[in-house]
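K.L.:
Just work19.csv, nothing more (CSV, C-alpha atoms and all ligand atoms):
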chain,number,residue,atom,x,y,z
A,62,MET,CA,0.0,0.0,0.0
A,63,PRO,CA,1.3,3.5,-0.7
A,64,ASP,CA,2.8,5.4,2.2
A,65,THR,CA,0.1,7.8,3.6
A,66,SER,CA,2.6,10.1,5.3
A,67,PRO,CA,3.3,13.3,3.2
A,68,PRO,CA,6.2,12.8,0.8
A,69,ASP,CA,9.6,14.0,1.8
A,70,PRO,CA,10.1,17.5,0.3
A,71,HIS,CA,13.6,16.5,-0.6
A,72,VAL,CA,12.2,13.7,-2.7
A,73,ILE,CA,9.7,16.0,-4.3
A,74,ARG,CA,12.5,18.5,-5.1
A,75,LEU,CA,14.7,15.6,-6.5
A,76,MET,CA,11.8,14.1,-8.6
A,77,ASP,CA,10.9,17.6,-9.9
A,78,ALA,CA,14.4,17.9,-11.3
A,79,SER,CA,14.4,14.4,-12.7
A,80,LEU,CA,11.0,15.0,-14.3
A,81,ASN,CA,12.3,18.1,-16.0
A,82,ARG,CA,15.5,16.2,-17.1
A,83,ALA,CA,13.4,13.3,-18.4
A,84,SER,CA,10.8,15.4,-20.3
A,85,GLU,CA,13.5,17.7,-21.7
A,86,GLY,CA,15.6,14.7,-22.8
A,87,ALA,CA,12.6,13.0,-24.4
A,88,ARG,CA,11.9,16.2,-26.3
A,89,VAL,CA,15.5,16.5,-27.6
A,90,VAL,CA,15.4,12.9,-28.8
A,91,GLU,CA,12.0,13.3,-30.4
A,92,ASP,CA,13.2,16.4,-32.2
A,93,TYR,CA,16.2,14.4,-33.7
A,94,ALA,CA,13.9,11.6,-34.9
A,95,ARG,CA,11.4,14.2,-36.3
A,96,PHE,CA,13.6,16.9,-37.8
A,97,VAL,CA,16.9,15.1,-38.6
A,98,LEU,CA,15.8,11.6,-39.4
A,99,ASP,CA,12.3,12.4,-40.7
A,100,ASP,CA,11.3,9.1,-39.0
A,101,ALA,CA,7.6,9.3,-38.1
A,102,HIS,CA,7.8,5.9,-36.3
A,103,LEU,CA,10.5,7.0,-33.9
A,104,SER,CA,9.1,10.5,-33.6
A,105,ARG,CA,5.8,9.0,-32.5
A,106,LEU,CA,7.6,6.8,-29.9
A,107,GLY,CA,9.4,9.8,-28.6
A,108,LYS,CA,6.2,11.8,-28.3
A,109,GLU,CA,4.4,8.9,-26.5
A,110,LEU,CA,7.3,8.6,-24.1
A,111,ARG,CA,7.2,12.3,-23.4
A,112,HIS,CA,3.4,12.1,-22.7
A,113,GLY,CA,3.9,9.0,-20.5
A,114,ILE,CA,6.5,10.9,-18.4
A,115,ALA,CA,4.0,13.8,-18.0
A,116,ALA,CA,1.2,11.5,-17.0
A,117,ALA,CA,3.3,9.6,-14.4
A,118,GLY,CA,4.7,12.9,-13.2
A,119,ALA,CA,1.2,14.3,-12.7
A,120,THR,CA,1.1,12.3,-9.5
A,121,LEU,CA,3.3,15.1,-8.0
A,122,PRO,CA,1.2,18.3,-8.1
A,123,MET,CA,3.1,21.1,-9.9
A,124,ALA,CA,2.4,23.4,-7.0
A,125,ASP,CA,4.2,21.0,-4.6
A,126,ARG,CA,7.1,20.6,-7.1
A,127,LEU,CA,7.5,24.4,-7.4
A,128,ALA,CA,7.3,24.9,-3.7
A,129,CYS,CA,10.2,22.4,-3.2
A,130,ARG,CA,12.2,23.6,-6.1
A,131,ASN,CA,15.3,25.7,-5.2
A,132,THR,CA,17.3,26.3,-8.2
A,133,PRO,CA,19.4,29.2,-6.7
A,134,GLY,CA,20.4,26.8,-3.9
A,135,ASP,CA,21.1,23.9,-6.2
A,136,VAL,CA,24.8,23.0,-5.7
A,137,GLY,CA,24.7,21.0,-8.9
A,138,THR,CA,24.3,24.0,-11.2
A,139,ALA,CA,28.0,25.0,-10.6
A,140,ILE,CA,29.3,21.4,-11.2
A,141,THR,CA,30.1,21.1,-14.9
A,142,THR,CA,32.4,18.8,-17.0
A,143,ALA,CA,34.2,19.7,-20.2
A,144,SER,CA,32.2,17.0,-22.1
A,145,GLU,CA,28.9,18.6,-21.2
A,146,SER,CA,29.6,21.6,-23.3
A,147,GLN,CA,30.9,19.7,-26.3
A,148,ARG,CA,28.6,18.1,-28.9
A,149,ALA,CA,30.1,17.0,-32.3
A,150,ASP,CA,26.8,16.9,-34.2
A,151,ALA,CA,23.1,16.4,-33.9
A,152,ALA,CA,23.5,12.6,-33.4
A,153,ASP,CA,25.8,13.4,-30.5
A,154,VAL,CA,23.2,15.7,-29.0
A,155,CYS,CA,20.6,13.0,-29.4
A,156,ASN,CA,22.8,10.3,-27.8
A,157,ALA,CA,23.7,12.5,-24.9
A,158,SER,CA,20.1,13.2,-24.3
A,159,LEU,CA,19.2,9.6,-24.5
A,160,GLY,CA,21.6,8.9,-21.7
A,161,ARG,CA,20.2,11.7,-19.5
A,162,LEU,CA,16.7,10.5,-20.2
A,163,GLN,CA,17.4,6.9,-19.1
A,164,GLU,CA,19.3,8.1,-16.0
A,165,ALA,CA,16.5,10.5,-15.0
A,166,LEU,CA,13.9,7.7,-15.4
A,167,ARG,CA,15.9,5.4,-13.2
A,168,SER,CA,16.1,8.1,-10.5
A,169,LEU,CA,12.3,8.7,-10.8
A,170,GLU,CA,11.7,5.0,-10.5
A,171,GLU,CA,13.9,4.5,-7.4
A,172,TYR,CA,12.7,7.6,-5.5
A,173,GLY,CA,9.2,7.2,-6.8
A,174,LYS,CA,9.0,3.9,-4.8
A,175,THR,CA,9.2,6.0,-1.5
A,176,ILE,CA,5.9,7.7,-2.5
A,177,ASP,CA,4.1,4.7,-4.1
A,178,PRO,CA,5.4,1.4,-5.5
A,179,ALA,CA,3.0,1.9,-8.4
A,180,LEU,CA,4.7,5.2,-9.2
A,181,GLY,CA,8.1,3.5,-9.2
A,182,ALA,CA,6.7,0.8,-11.5
A,183,ALA,CA,5.3,3.4,-13.9
A,184,PHE,CA,8.7,5.0,-14.3
A,185,GLU,CA,10.3,1.6,-14.7
A,186,ARG,CA,8.0,0.9,-17.7
A,187,LEU,CA,8.9,4.3,-19.2
A,188,ARG,CA,12.6,3.5,-18.7
A,189,TYR,CA,12.2,0.3,-20.8
A,190,ASP,CA,10.3,2.4,-23.4
A,191,ALA,CA,13.3,4.7,-23.5
A,192,TYR,CA,15.7,1.7,-24.1
A,193,THR,CA,13.5,0.6,-27.0
A,194,LEU,CA,13.5,4.0,-28.5
A,195,ALA,CA,17.3,4.1,-28.1
A,196,ALA,CA,17.6,0.7,-29.8
A,197,GLY,CA,15.4,2.0,-32.7
A,198,LEU,CA,17.6,5.0,-33.1
A,199,GLY,CA,20.8,3.0,-32.8
A,200,THR,CA,19.9,0.3,-35.3
A,201,THR,CA,18.7,2.9,-37.8
A,202,GLU,CA,22.1,4.7,-37.6
A,203,ARG,CA,24.0,1.4,-37.9
A,204,GLY,CA,21.9,0.2,-40.8
A,205,ARG,CA,22.3,3.4,-42.7
A,206,ASN,CA,26.0,3.5,-42.0
A,207,ARG,CA,26.5,-0.2,-43.0
A,208,LEU,CA,24.4,0.0,-46.2
A,209,GLY,CA,25.2,3.5,-47.2
A,210,ASP,CA,23.7,4.3,-50.6
A,211,ALA,CA,23.3,0.7,-51.5
A,212,ARG,CA,20.3,0.6,-53.8
A,213,LEU,CA,20.4,-2.5,-55.9
A,214,TYR,CA,20.2,-5.8,-54.1
A,215,VAL,CA,20.2,-9.0,-56.2
A,216,LEU,CA,19.1,-12.5,-55.1
A,217,ILE,CA,21.0,-15.3,-56.8
A,218,GLU,CA,20.8,-19.1,-56.7
A,219,ALA,CA,23.7,-21.6,-56.5
A,220,GLY,CA,23.6,-22.5,-60.2
A,221,PRO,CA,25.2,-25.6,-61.8
A,222,SER,CA,28.8,-25.3,-60.5
A,223,ASP,CA,31.2,-23.4,-58.4
A,224,GLU,CA,32.8,-22.0,-61.5
A,225,ALA,CA,29.6,-20.8,-63.1
A,226,PHE,CA,28.5,-19.3,-59.7
A,227,GLU,CA,31.8,-17.4,-59.3
A,228,GLN,CA,31.5,-16.1,-62.9
A,229,LEU,CA,28.0,-14.9,-62.3
A,230,THR,CA,28.9,-13.3,-59.0
A,231,GLU,CA,31.9,-11.6,-60.5
A,232,SER,CA,29.9,-10.2,-63.4
A,233,LEU,CA,27.1,-8.9,-61.2
A,234,CYS,CA,29.5,-7.2,-58.9
A,235,ALA,CA,31.4,-5.6,-61.7
A,236,ALA,CA,28.2,-4.4,-63.3
A,237,GLY,CA,27.3,-2.5,-60.1
A,238,VAL,CA,25.2,-4.7,-57.8
A,239,GLN,CA,25.6,-3.4,-54.3
A,240,VAL,CA,24.1,-6.2,-52.2
A,241,LEU,CA,24.2,-9.9,-53.2
A,242,GLN,CA,22.1,-12.6,-51.5
A,243,LEU,CA,22.6,-16.3,-52.0
A,244,ARG,CA,19.1,-17.8,-51.8
A,245,ASP,CA,18.9,-21.5,-52.7
A,246,LYS,CA,16.7,-23.9,-50.9
A,247,ARG,CA,17.9,-27.0,-52.7
A,248,LEU,CA,21.5,-27.2,-51.7
A,249,ASP,CA,22.8,-29.3,-48.8
A,250,ASP,CA,24.7,-27.5,-46.1
A,251,ARG,CA,28.2,-28.3,-47.4
A,252,ARG,CA,27.5,-27.1,-50.9
A,253,LEU,CA,25.6,-24.1,-49.6
A,254,VAL,CA,28.5,-23.0,-47.4
A,255,GLU,CA,30.9,-23.5,-50.3
A,256,ARG,CA,28.9,-21.3,-52.7
A,257,ALA,CA,28.5,-18.7,-49.9
A,258,ARG,CA,32.2,-18.6,-49.4
A,259,ILE,CA,32.7,-18.0,-53.1
A,260,MET,CA,30.1,-15.2,-53.0
A,261,ALA,CA,31.6,-13.6,-49.9
A,262,ALA,CA,35.1,-13.6,-51.4
A,263,VAL,CA,34.1,-12.1,-54.7
A,264,CYS,CA,31.9,-9.5,-52.9
A,265,ARG,CA,34.8,-8.5,-50.6
A,266,ARG,CA,36.9,-7.8,-53.7
A,267,HIS,CA,34.3,-5.5,-55.1
A,268,GLY,CA,33.1,-3.8,-51.9
A,269,VAL,CA,29.7,-5.5,-52.3
A,270,VAL,CA,27.7,-6.6,-49.3
A,271,SER,CA,27.1,-10.4,-49.2
A,272,ILE,CA,24.1,-11.9,-47.5
A,273,VAL,CA,23.0,-15.6,-47.0
A,274,ASN,CA,19.3,-16.3,-47.0
A,275,ASP,CA,17.7,-18.0,-44.0
A,276,ARG,CA,20.9,-19.5,-42.5
A,277,ALA,CA,22.8,-17.5,-39.9
A,278,ASP,CA,25.2,-20.4,-39.3
A,279,ILE,CA,26.1,-20.6,-42.9
A,280,ALA,CA,26.6,-16.8,-43.1
A,281,VAL,CA,29.1,-17.0,-40.3
A,282,ALA,CA,30.9,-20.1,-41.6
A,283,ALA,CA,31.2,-18.5,-45.0
A,284,GLY,CA,32.4,-15.1,-43.8
A,285,ALA,CA,29.4,-13.4,-45.4
A,286,ASP,CA,28.4,-9.9,-44.2
A,287,GLY,CA,25.0,-11.0,-42.9
A,288,VAL,CA,21.9,-13.1,-43.0
A,289,HIS,CA,18.3,-12.5,-44.2
A,290,ILE,CA,15.4,-14.0,-42.2
A,291,GLY,CA,11.7,-14.2,-42.9
A,292,GLN,CA,8.8,-13.9,-40.5
A,293,ASP,CA,8.7,-17.6,-39.9
A,294,GLU,CA,12.5,-18.1,-39.3
A,295,LEU,CA,14.8,-17.2,-36.5
A,296,THR,CA,13.8,-14.1,-34.6
A,297,VAL,CA,16.1,-11.1,-35.0
A,298,ALA,CA,17.5,-11.7,-31.5
A,299,ASP,CA,18.3,-15.3,-32.2
A,300,ALA,CA,19.8,-14.5,-35.6
A,301,ARG,CA,21.9,-11.8,-33.8
A,302,SER,CA,23.0,-14.3,-31.2
A,303,VAL,CA,24.5,-16.3,-34.1
A,304,VAL,CA,25.9,-13.6,-36.4
A,305,GLY,CA,26.9,-11.1,-33.7
A,306,PRO,CA,26.8,-7.3,-33.7
A,307,GLY,CA,29.2,-7.0,-36.6
A,308,ARG,CA,27.1,-8.6,-39.3
A,309,LEU,CA,23.9,-7.6,-40.9
A,310,VAL,CA,20.5,-9.0,-40.1
A,311,GLY,CA,17.8,-8.3,-42.7
A,312,VAL,CA,14.2,-9.1,-42.1
A,313,SER,CA,11.3,-9.7,-44.6
A,314,THR,CA,8.2,-7.7,-43.8
A,315,HIS,CA,4.8,-7.8,-45.3
A,316,ARG,CA,2.8,-5.2,-43.2
A,317,ILE,CA,3.7,-2.1,-41.3
A,318,GLU,CA,3.5,-3.7,-37.8
A,319,GLN,CA,6.2,-6.2,-38.9
A,320,ALA,CA,8.4,-3.4,-40.2
A,321,ARG,CA,8.1,-1.4,-37.0
A,322,ALA,CA,8.7,-4.5,-34.8
A,323,ALA,CA,11.7,-5.6,-36.9
A,324,ARG,CA,13.4,-2.3,-36.6
A,325,LEU,CA,12.9,-2.1,-32.9
A,326,ALA,CA,14.1,-5.6,-32.5
A,327,GLY,CA,17.4,-4.6,-34.1
A,328,ALA,CA,17.1,-5.4,-37.8
A,329,ASP,CA,19.7,-3.6,-40.0
A,330,TYR,CA,17.5,-3.5,-43.0
A,331,LEU,CA,14.0,-4.6,-44.2
A,332,GLY,CA,12.7,-6.4,-47.2
A,333,VAL,CA,9.4,-4.8,-48.1
A,334,GLY,CA,7.0,-6.9,-50.2
A,335,PRO,CA,5.9,-8.7,-52.2
A,336,THR,CA,5.4,-5.6,-54.3
A,337,PHE,CA,4.4,-7.2,-57.6
A,338,PRO,CA,3.6,-10.8,-58.6
A,339,SER,CA,6.8,-12.8,-58.5
A,340,THR,CA,8.0,-15.8,-60.6
A,341,THR,CA,10.5,-16.6,-57.9
A,342,LYS,CA,8.2,-17.0,-54.9
A,343,SER,CA,4.4,-17.4,-54.8
A,344,PHE,CA,2.2,-15.5,-52.4
A,345,ALA,CA,-1.4,-15.7,-51.3
A,346,ASP,CA,-1.8,-11.9,-51.1
A,347,PHE,CA,0.2,-8.8,-52.0
A,348,PRO,CA,0.7,-5.7,-49.8
A,349,GLY,CA,1.9,-4.2,-53.0
A,350,ILE,CA,3.0,-0.7,-53.7
A,351,ASP,CA,0.9,0.7,-50.8
A,352,PHE,CA,3.1,-1.1,-48.3
A,353,VAL,CA,6.1,0.3,-50.0
A,354,ARG,CA,4.6,3.8,-49.7
A,355,GLN,CA,3.7,3.1,-46.0
A,356,VAL,CA,7.2,2.1,-45.1
A,357,ALA,CA,8.8,4.9,-47.0
A,358,ALA,CA,6.6,7.4,-45.2
A,359,GLU,CA,7.5,6.4,-41.6
A,360,ILE,CA,10.6,4.3,-41.3
A,361,THR,CA,14.1,5.5,-42.2
A,362,LEU,CA,15.9,2.1,-41.6
A,363,PRO,CA,17.2,0.9,-45.0
A,364,ALA,CA,14.3,-0.8,-46.7
A,365,PHE,CA,14.5,-2.7,-50.0
A,366,ALA,CA,11.2,-3.2,-52.0
A,367,ILE,CA,11.1,-6.8,-53.3
A,368,GLY,CA,8.8,-9.0,-55.3
A,369,GLY,CA,8.4,-9.0,-59.1
A,370,ILE,CA,10.5,-5.8,-59.6
A,371,THR,CA,11.6,-5.2,-63.1
A,372,ALA,CA,13.0,-2.3,-65.2
A,373,GLU,CA,9.4,-1.7,-66.4
A,374,ASN,CA,7.8,-1.2,-62.9
A,375,ILE,CA,10.8,0.0,-60.9
A,376,SER,CA,9.6,3.6,-61.4
A,377,GLU,CA,6.5,2.9,-59.4
A,378,VAL,CA,8.7,1.8,-56.5
A,379,VAL,CA,10.7,5.0,-56.7
A,380,ALA,CA,7.6,7.1,-57.0
A,381,ALA,CA,6.2,5.4,-53.9
A,382,GLY,CA,9.3,6.6,-52.0
A,383,LEU,CA,11.8,3.7,-51.8
A,384,ARG,CA,15.0,4.0,-53.8
A,385,ARG,CA,16.3,0.6,-52.7
A,386,VAL,CA,15.1,-2.6,-54.4
A,387,ALA,CA,15.9,-6.3,-54.2
A,388,VAL,CA,15.5,-8.2,-57.4
A,389,GLY,CA,15.7,-11.9,-58.4
A,390,ALA,CA,14.4,-13.0,-61.8
A,391,ALA,CA,14.7,-9.6,-63.6
A,392,VAL,CA,18.4,-10.0,-63.2
A,393,THR,CA,19.1,-13.8,-63.0
A,394,GLY,CA,16.6,-14.6,-65.7
A,395,ALA,CA,17.8,-12.0,-68.1
A,396,SER,CA,19.8,-13.0,-71.2
A,397,ASP,CA,22.4,-10.5,-70.0
A,398,PRO,CA,22.3,-10.3,-66.2
A,399,ALA,CA,25.0,-7.6,-66.1
A,400,ALA,CA,23.2,-5.4,-68.5
A,401,ALA,CA,20.0,-5.9,-66.4
A,402,VAL,CA,22.0,-4.7,-63.4
A,403,ARG,CA,23.2,-1.6,-65.2
A,404,SER,CA,19.7,-0.8,-66.4
A,405,LEU,CA,18.2,-1.2,-62.9
A,406,ARG,CA,20.8,1.0,-61.3
A,407,GLU,CA,20.3,3.7,-63.9
A,408,ALA,CA,16.6,3.6,-63.1
A,409,LEU,CA,17.4,4.0,-59.4
A,410,GLY,CA,19.4,7.1,-60.1
A,411,ALA,CA,22.7,5.6,-58.8
A,412,PRO,CA,25.9,5.8,-60.8
A,413,VAL,CA,25.8,3.1,-63.4
A,414,GLY,CA,28.5,0.4,-63.6
A,415,GLY,CA,30.3,1.5,-60.4
A,416,GLU,CA,31.5,-1.1,-58.0
A,417,GLY,CA,29.4,-1.7,-54.9
A,418,SER,CA,29.2,1.6,-53.0
A,419,SER,CA,28.5,0.0,-49.7
A,420,GLY,CA,31.1,-1.7,-47.4
A,501,LIG,C1,15.9,-8.8,-49.4
A,501,LIG,C2,14.9,-9.9,-49.1
A,501,LIG,N1,13.6,-9.7,-48.8
A,501,LIG,C3,12.8,-10.7,-48.6
A,501,LIG,C4,13.2,-12.0,-48.7
A,501,LIG,C5,12.2,-13.1,-48.4
A,501,LIG,O1,12.7,-13.8,-47.3
A,501,LIG,P1,11.7,-14.9,-46.6
A,501,LIG,O2,10.4,-14.3,-46.3
A,501,LIG,O3,12.4,-15.6,-45.6
A,501,LIG,O4,11.4,-15.9,-47.8
A,501,LIG,P2,12.6,-16.9,-48.5
A,501,LIG,O5,13.4,-15.9,-49.4
A,501,LIG,O6,13.4,-17.5,-47.5
A,501,LIG,O7,11.8,-17.8,-49.3
A,501,LIG,C6,14.5,-12.3,-49.0
A,501,LIG,N2,15.0,-13.5,-49.2
A,501,LIG,N3,15.4,-11.2,-49.3
A,502,LIG,C1,12.2,-14.2,-52.1
A,502,LIG,C2,11.1,-13.1,-52.2
A,502,LIG,N1,10.6,-12.6,-51.0
A,502,LIG,C3,9.7,-11.7,-51.2
A,502,LIG,C4,8.9,-11.0,-50.2
A,502,LIG,O1,8.0,-10.2,-50.5
A,502,LIG,O2,9.3,-11.2,-49.0
A,502,LIG,S1,9.4,-11.5,-52.9
A,502,LIG,C5,10.6,-12.6,-53.3
A,502,LIG,C6,10.9,-13.0,-54.7
A,502,LIG,C7,12.0,-12.0,-55.2
A,502,LIG,O3,12.4,-12.4,-56.5
A,502,LIG,P1,11.8,-11.7,-57.9
A,502,LIG,O4,12.5,-10.4,-58.0
A,502,LIG,O5,12.2,-12.7,-58.9
A,502,LIG,O6,10.3,-11.6,-57.7
A,503,MG,MG,13.6,-17.1,-45.5
So that I can check it, write out the structure of this file as structure tokens.
Ligand SMILES: Cc1ncc(COP(=O)(O)OP(=O)(O)O)c(N)n1
Ligand SMILES: Cc1nc(C(=O)O)sc1CCOP(=O)(O)O
Ligand SMILES: [Mg+2]

P.N.:
Amino acid sequence: MPDTSPPDPHVIRLMDASLNRASEGARVVEDYARFVLDDAHLSRLGKELRHGIAAAGATLPMADRLACRNTPGDVGTAITTASESQRADAADVCNASLGRLQEALRSLEEYGKTIDPALGAAFERLRYDAYTLAAGLGTTERGRNRLGDARLYVLIEAGPSDEAFEQLTESLCAAGVQVLQLRDKRLDDRRLVERARIMAAVCRRHGVVSIVNDRADIAVAAGADGVHIGQDELTVADARSVVGPGRLVGVSTHRIEQARAARLAGADYLGVGPTFPSTTKSFADFPGIDFVRQVAAEITLPAFAIGGITAENISEVVAAGLRRVAVGAAVTGASDPAAAVRSLREALGAPVGGEGSSG
């Protein structure tokens, strides 16, 4: 049961300061998501966190907070460190505010328990929300750094031999593909890891990102840059436990809730589809170009539209707001796959013929 004796005025003074720190920190983070990232999803999470802090803080009447506030007598105002006055850029400002926000929420949680256990619990929940928001911001920055301006992502199968596979991989990289995924459900593990090793080695030479479909273990064994998982495969957390923080985890998404969840779970990029009917994979229903538009409008994590994308319909994807596409048959089924790569890259507005632009 909450303590019925009046709260300690020192605790009110302390929580008043932490409430100010928390709400101000949440506002700084929200501003970064909104005005620097243009990320509606993270902006909304920041706003909801700010409103949650205000709602939990309403337990302490503002009149009481002001009565206990004593800024002129606050010994902390004179204590400063050199790092507090230095901020390299907007991302640095956001990260510093995230730290202050989490610390303030922890202080509110611990001292709130002296007033009412439920108040402490409310701030604990808000602290975890702040961690989730921090994860969303962090993975977005990491994904954008890792994938840079990579726009053309091609899915290839193992083909008839190691030699033919290496030739195809080499020609696609030289033509300008920026991410290459080995997707072949027919191979046994030993042949799959061998093909993946070939792909990873060729991609490294060209600065192209190499991804193994489905199999995080094979991606690690082959030295690939990452793994791509679907909604019915390993979770992001389980894939991450295998590939570690240094490799990429891509996630297929088919509706906005999956896209939001994947980015908050730590995905480095999204597959967004199926966009158009595909000859490579059959689907019962199509979220189509509307889903592409929805992701482009609210999520700034790298997102590749996928599913039946060709030189003829790619302009619809670009018009819907995504300039990154993943393509299978339109390249691998073409009479000249390298020419198809160049044509698609030209349609995406990236330099044609250059080596992969992403590390
Ligand atoms: C870039 C990219 N996006 C989506 C997929 C599809 O993955 P998944 O849903 O796991 O289906 P399969 O490809 O495994 O049949 C992908 N592979 N790559
Ligand atoms: C493997 C795959 N996954 C999709 C998804 O929407 O998650 S669409 C797709 C097929 C991609 O190949 P193509 O470009 O030949 O259609
Ligand atoms: Mg899969």

K.L.:
Please write out the residues within 10 Å of ligand MG 503 (chain A) as a list in words, counting all atoms listed in the file.

P.N.:
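Residues satisfying the distance criterion: Arg244, Asp245, Lys246, Val273, Asn274, Asp275, Arg276, Val288, His289, Ile290, Gly291, Gln292, Asp293, Glu294, Leu295, Val312 and Ser313 of chain A.
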
K.L.:
At a cut-off of 9 Å, using only C-alpha atoms, what residues contact region 104-116 of chain A? Leave out same-chain residues fewer than 3 positions from it and give the result as a tab-separated table (two decimals) with C-alpha atoms, in the coordinates of the input.

P.N.:
chain	number	residue	atom	x	y	z
A	80	LEU	CA	11.00	15.00	-14.30
A	83	ALA	CA	13.40	13.30	-18.40
A	84	SER	CA	10.80	15.40	-20.30
A	85	GLU	CA	13.50	17.70	-21.70
A	86	GLY	CA	15.60	14.70	-22.80
A	87	ALA	CA	12.60	13.00	-24.40
A	88	ARG	CA	11.90	16.20	-26.30
A	90	VAL	CA	15.40	12.90	-28.80
A	91	GLU	CA	12.00	13.30	-30.40
A	92	ASP	CA	13.20	16.40	-32.20
A	93	TYR	CA	16.20	14.40	-33.70
A	94	ALA	CA	13.90	11.60	-34.90
A	95	ARG	CA	11.40	14.20	-36.30
A	96	PHE	CA	13.60	16.90	-37.80
A	98	LEU	CA	15.80	11.60	-39.40
A	99	ASP	CA	12.30	12.40	-40.70
A	100	ASP	CA	11.30	9.10	-39.00
A	101	ALA	CA	7.60	9.30	-38.10
A	119	ALA	CA	1.20	14.30	-12.70
A	120	THR	CA	1.10	12.30	-9.50
A	166	LEU	CA	13.90	7.70	-15.40
A	183	ALA	CA	5.30	3.40	-13.90
A	184	PHE	CA	8.70	5.00	-14.30
A	187	LEU	CA	8.90	4.30	-19.20
A	190	ASP	CA	10.30	2.40	-23.40
A	191	ALA	CA	13.30	4.70	-23.50
A	194	LEU	CA	13.50	4.00	-28.50

K.L.:
With only C-alpha atoms as the basis for distance, which of A:Ala320, A:Val388, A:Met123, A:Ala195 is at the shortest distance from Thr361 (chain A)?

P.N.:
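Residue with the minimum atom-to-atom distance to Thr361 (chain A): A:Ala320.
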
K.L.:
Hey, which bits of chain A sit within 7 Å of ligand LIG 502 (chain A), and for each residue what's the closest pair of atoms and how far apart in Å (one decimal), counting only C-alpha atoms and all ligand atoms, rows by chain and increasing number, as a Markdown table?

P.N.:
| residue | atom | partner | partner_atom | distance |
| --- | --- | --- | --- | --- |
| A:Leu216 | CA | A:LIG502 | O3 | 6.8 |
| A:Ser313 | CA | A:LIG502 | O2 | 5.1 |
| A:Thr314 | CA | A:LIG502 | O2 | 6.4 |
| A:His315 | CA | A:LIG502 | O1 | 6.6 |
| A:Gly332 | CA | A:LIG502 | O2 | 6.2 |
| A:Val333 | CA | A:LIG502 | O1 | 6.1 |
| A:Gly334 | CA | A:LIG502 | O1 | 3.5 |
| A:Pro335 | CA | A:LIG502 | O1 | 3.1 |
| A:Thr336 | CA | A:LIG502 | O1 | 6.5 |
| A:Pro338 | CA | A:LIG502 | O6 | 6.8 |
| A:Ser339 | CA | A:LIG502 | O6 | 3.8 |
| A:Thr340 | CA | A:LIG502 | O5 | 5.5 |
| A:Thr341 | CA | A:LIG502 | O5 | 4.4 |
| A:Lys342 | CA | A:LIG502 | C6 | 4.8 |
| A:Ile367 | CA | A:LIG502 | S1 | 5.0 |
| A:Gly368 | CA | A:LIG502 | S1 | 3.5 |
| A:Gly369 | CA | A:LIG502 | O6 | 3.5 |
| A:Ile370 | CA | A:LIG502 | O4 | 5.3 |
| A:Ala387 | CA | A:LIG502 | O4 | 6.5 |
| A:Val388 | CA | A:LIG502 | O4 | 3.8 |
| A:Gly389 | CA | A:LIG502 | O4 | 3.6 |
| A:Ala390 | CA | A:LIG502 | O5 | 3.7 |
| A:Ala391 | CA | A:LIG502 | O4 | 6.1 |

K.L.:
Region 196-198 of chain A: which residues within 7 Å, counting all atoms listed in the file, same-chain residues fewer than 6 positions away excluded, as an MDAnalysis selection string?

P.N.:
chainID A and resid 324:325 327

K.L.:
At what distance in Å, to one decimal, does CA of Arg205 (chain A) lie from CA of Glu377 (chain A)?

P.N.:
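Atom-to-atom, CA of Glu377 (chain A) and CA of Arg205 (chain A) are spaced 23.0 Å apart.
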
K.L.:
With distances taken over all atoms listed in the file, which of A:Glu170, A:Asp77, A:Glu227, A:Asp286 is nearest to Val269 (chain A)?

P.N.:
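Closest candidate: A:Asp286.
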
K.L.:
Tell me, as a VMD selection string, which residues lie within 12 Å of Ile176 (chain A), counting all atoms listed in the file; anything in the same chain fewer than 3 positions away does not count.

P.N.:
chain A and resid 62 to 73 76 118 120 to 121 169 to 173 179 to 182

K.L.:
For CA of Ala283 (chain A) and CA of Arg258 (chain A), determine how far apart the two atoms are, in Å to one decimal place.

P.N.:
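We find that CA of Ala283 (chain A) and CA of Arg258 (chain A) lie 4.5 Å from each other.
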
K.L.:
With the input short on atoms, add N, CA, C and O atoms back to region 226-230 of chain A and write it as a PDB file, keeping the file's coordinate frame.

P.N.:
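Writing the result to selection39.pdb gives the following:
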ATOM      1  N   PHE A 226      28.994 -20.223 -60.811  1.00  0.00           N
ATOM      2  CA  PHE A 226      28.500 -19.300 -59.700  1.00  0.00           C
ATOM      3  C   PHE A 226      29.484 -18.177 -59.552  1.00  0.00           C
ATOM      4  O   PHE A 226      29.087 -17.013 -59.425  1.00  0.00           O
ATOM      5  N   GLU A 227      30.783 -18.499 -59.547  1.00  0.00           N
ATOM      6  CA  GLU A 227      31.800 -17.400 -59.300  1.00  0.00           C
ATOM      7  C   GLU A 227      31.749 -16.445 -60.506  1.00  0.00           C
ATOM      8  O   GLU A 227      31.822 -15.232 -60.300  1.00  0.00           O
ATOM      9  N   GLN A 228      31.578 -16.982 -61.713  1.00  0.00           N
ATOM     10  CA  GLN A 228      31.500 -16.100 -62.900  1.00  0.00           C
ATOM     11  C   GLN A 228      30.302 -15.159 -62.795  1.00  0.00           C
ATOM     12  O   GLN A 228      30.403 -13.945 -63.027  1.00  0.00           O
ATOM     13  N   LEU A 229      29.157 -15.711 -62.397  1.00  0.00           N
ATOM     14  CA  LEU A 229      28.000 -14.900 -62.300  1.00  0.00           C
ATOM     15  C   LEU A 229      28.136 -13.811 -61.217  1.00  0.00           C
ATOM     16  O   LEU A 229      27.854 -12.630 -61.432  1.00  0.00           O
ATOM     17  N   THR A 230      28.659 -14.235 -60.061  1.00  0.00           N
ATOM     18  CA  THR A 230      28.900 -13.300 -59.000  1.00  0.00           C
ATOM     19  C   THR A 230      29.802 -12.172 -59.372  1.00  0.00           C
ATOM     20  O   THR A 230      29.548 -10.984 -59.138  1.00  0.00           O
TER      21      THR A 230
END
